[in-house]
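Notes to accompany the following structure.
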Amino acid sequence: MAEYTLKLRRYDPQSGEAPYYEEFQIDLEPHRSVLEAILQVKAEQDGSVGIRCSCRAAICGSCGVRINGKAGLACHTHLDAAAKTGVNADGKTILVEPMGNMPVIKDLIVDMDAVHWKKIQRVTPWLINKQPVPEREYIVPHENMVDVTQTMACIQCGACVSDCLSMEVDPLFVGPAASAKAYRFVGDPRDAEQFERLKDLAEDPHGIYDCTHCFNCIEACPKGVAPMNQIMRLRRIAGSDHHINDRNNGDRHERTIVGLIRDYGLLHEAEMLPRSYGGYSWFAKFHPAAGQELLDSLPSITKALLRGKVNPKIAMFGHRIPKSDLKAVQAIYEKVEGKPRRYELNLYISGYEDDDAPGAAEEPATVAAGGGRMPAGPGPGPHPAAGRGRGRAPRGAGEAPGAPRGTLSPGGRGPTPAPAPAEEPATVAAGGDGMPSAPGPDPNRPTAASESESA
């Protein structure tokens, strides 16, 4: 048994009092969860403590809270691990607060209906069948179901919403959870309105181009859904496959950054704004739309110049790098753009329960330009945050352990391993979320029963 101090944020809107913090002393084994500690406080010290929970097995997503400032599941966080990142130097104090970006109902309970579920409903979270609907079932290729499996793992805990910086600045942002849910149907070949879904999210000023790539949602997600990655994939399909020229200028802005780095080796800030609005040309600055944006940015530029944050020469003429370095950058572009298909790394990897299991390394699965996945062999162990037989690659990771290095994809998602042979198609019931059928048992891959037990 070990003693810990649980510092809870207390708040009851009906009392009219301001939020405050209250400390409780608990005596539990280090391997016990933060949720068990909260329930012990509720049962033995203060029955008025408010906490929402259900399964206690990291499946229902009910017990989402902020632990030492980071969103996560209380039932999925051990006391010893939480104490190591505690707010005090004593290594025994654990700060527990309600999730962010959502109104607090009481203590650690937030109103998910007001934000999270409202945004989920906004993306039409159901399948719109193609017509005519088959009499028996859809025949869906295996790689297509692997493609959407990652987003299907979401348990709607709201951890990503809690830590989303874009939602702090713009509460109307559709958010990471809803965007990942949107890809679940955009990537489903049975859905009849892929273009309409993408058009809607691209044209919305608070849609997919409102994400700022802060990676918080990836780090917060306990199931490896990687919502930011799904947002990037929605962007690529909207811009590269459907050529949606959105009114938010999001796709043109991304293409401008890619083009400037290819031509200059580094980002040319003075050319980025006019080329984003006026077209990719030196004359873009004379376009009316670009001229208006340049005029609107003059106060910010003037302030930066006066404070010495901008070098006028570099701002006007851009950075210069040696020609040999520029040719090396352009060689990367030529190699990537010369590929017949666009490959993207599938970060949802089924692996072994034990990270240190021998022979647990695998090459990551890849996805072709049309969204179809190409599975690889047996997977590595789970990411430590996953805690079950499936894992996510850590932030910034582009390769599985032991996998050979490859070139970056056009979306910058990781290496391009050699595609594996195609597998037999999966049979999926009409309108259902069926799982892919394997061509046969593989002694090196964990069984469905083992994955169920690890979950």
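Identifiers for the structure tokens are assigned positionally: chains receive A, B, ... in sequence, residues are indexed from 1 per chain, and ligands are indexed from 1 in the order shown.
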**Study point:** Contacts of stretch 148-160 of chain A at 9 Å (only C-alpha atoms; same-chain gap of 4+ positions) as a ChimeraX atom specification
**Key:** /A:58-66,70-73,99-100,112,116-117,144,164,175-177,180-188,216-227,230,346-349,433,435
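Taking stretch 76-151 of chain A and asking which residues DSSP calls helix (DSSP H, G or I) on the backbone, you get His76, Leu79, Asp80, Ala81, Ala82, Ala83, Lys84, His116, Trp117, Lys118, Lys119, Ile120, Gln121, Arg122, His142, Glu143, Asn144, Met145, Val146, Asp147, Val148, Thr149, Gln150 and Thr151 of chain A.
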With stretch 242-252 of chain A as the partner and 9 Å as the cut-off, tabulate the residues of stretch 271-331 of chain A that qualify, each row holding the nearest pair of atoms and their distance in Å to one decimal, using only C-alpha atoms, sorted by chain and rising number, as a Markdown table.
| residue | atom | partner | partner_atom | distance |
| --- | --- | --- | --- | --- |
| A:Arg275 | CA | A:Arg252 | CA | 8.2 |
| A:Ser276 | CA | A:Arg252 | CA | 5.4 |
| A:Tyr277 | CA | A:Asn249 | CA | 7.0 |
| A:Gly279 | CA | A:Arg252 | CA | 8.0 |
| A:Tyr280 | CA | A:Arg252 | CA | 8.7 |
Practice item. Could you please write out, as a PyMOL selection string, every residue of stretch 241-364 of chain A that DSSP assigns to strand (DSSP E)? Key: chain A and resi 344-346+348-350
Exercise for review: Could you check how far atom CA of A:Asp170 sits from atom CA of A:Cys214, in Å to one decimal?
Suggested key: 14.2 Å
Point to revise | Shortest interatomic distance to A:Arg235 - which of A:Asp163, A:Asp200, A:Glu271, A:Asp263, counting only C-alpha atoms | key: A:Asp200
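If you look at atom CA of A:Asn129 and atom CA of A:Arg236, they are 23.5 Å away from each other.
For the set A:His268, A:Lys106, A:Arg122, A:Lys92, the residue with the smallest atom-to-atom gap to A:Ile321 is A:His268, counting only C-alpha atoms.
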Check your understanding: Counting only C-alpha atoms, which of A:Gln14, A:Gln330, A:Asn311, A:Thr212 gets nearest to A:Asp107?
Key -> A:Gln14
Find the residues around stretch 123-125 of chain A up to 8 Å (only C-alpha atoms counted), leave out those fewer than 2 positions away in its own chain, and share them as a short mmCIF file (atom, residue, chain, number, x, y, z; two decimals) with N, CA and C atoms, in the first residue's frame.
data_model
loop_
_atom_site.label_atom_id
_atom_site.label_comp_id
_atom_site.auth_asym_id
_atom_site.auth_seq_id
_atom_site.Cartn_x
_atom_site.Cartn_y
_atom_site.Cartn_z
N LYS A 119 -21.28 18.16 -32.02
CA LYS A 119 -20.38 18.19 -33.17
C LYS A 119 -20.38 16.85 -33.92
N ILE A 120 -20.54 15.76 -33.18
CA ILE A 120 -20.64 14.46 -33.85
C ILE A 120 -21.86 14.44 -34.77
N GLN A 121 -22.99 14.96 -34.29
CA GLN A 121 -24.20 15.00 -35.11
C GLN A 121 -24.01 15.88 -36.34
N LEU A 127 -24.08 5.90 -42.24
CA LEU A 127 -23.80 5.54 -43.63
C LEU A 127 -24.97 5.89 -44.52
N ALA A 178 -15.21 14.64 -34.08
CA ALA A 178 -16.19 14.66 -35.17
C ALA A 178 -15.50 14.49 -36.52
N SER A 179 -14.30 15.05 -36.68
CA SER A 179 -13.57 14.91 -37.94
C SER A 179 -13.16 13.46 -38.17
N LYS A 181 -14.72 10.91 -36.97
CA LYS A 181 -15.97 10.22 -37.29
C LYS A 181 -16.35 10.45 -38.74
N ALA A 182 -16.10 11.65 -39.25
CA ALA A 182 -16.40 11.93 -40.65
C ALA A 182 -15.57 11.05 -41.59
N PHE A 185 -16.76 7.48 -42.53
CA PHE A 185 -17.70 7.28 -43.64
C PHE A 185 -17.14 7.77 -44.97
N ARG A 197 -19.73 15.11 -48.40
CA ARG A 197 -19.20 15.23 -47.04
C ARG A 197 -17.93 16.08 -47.05
#
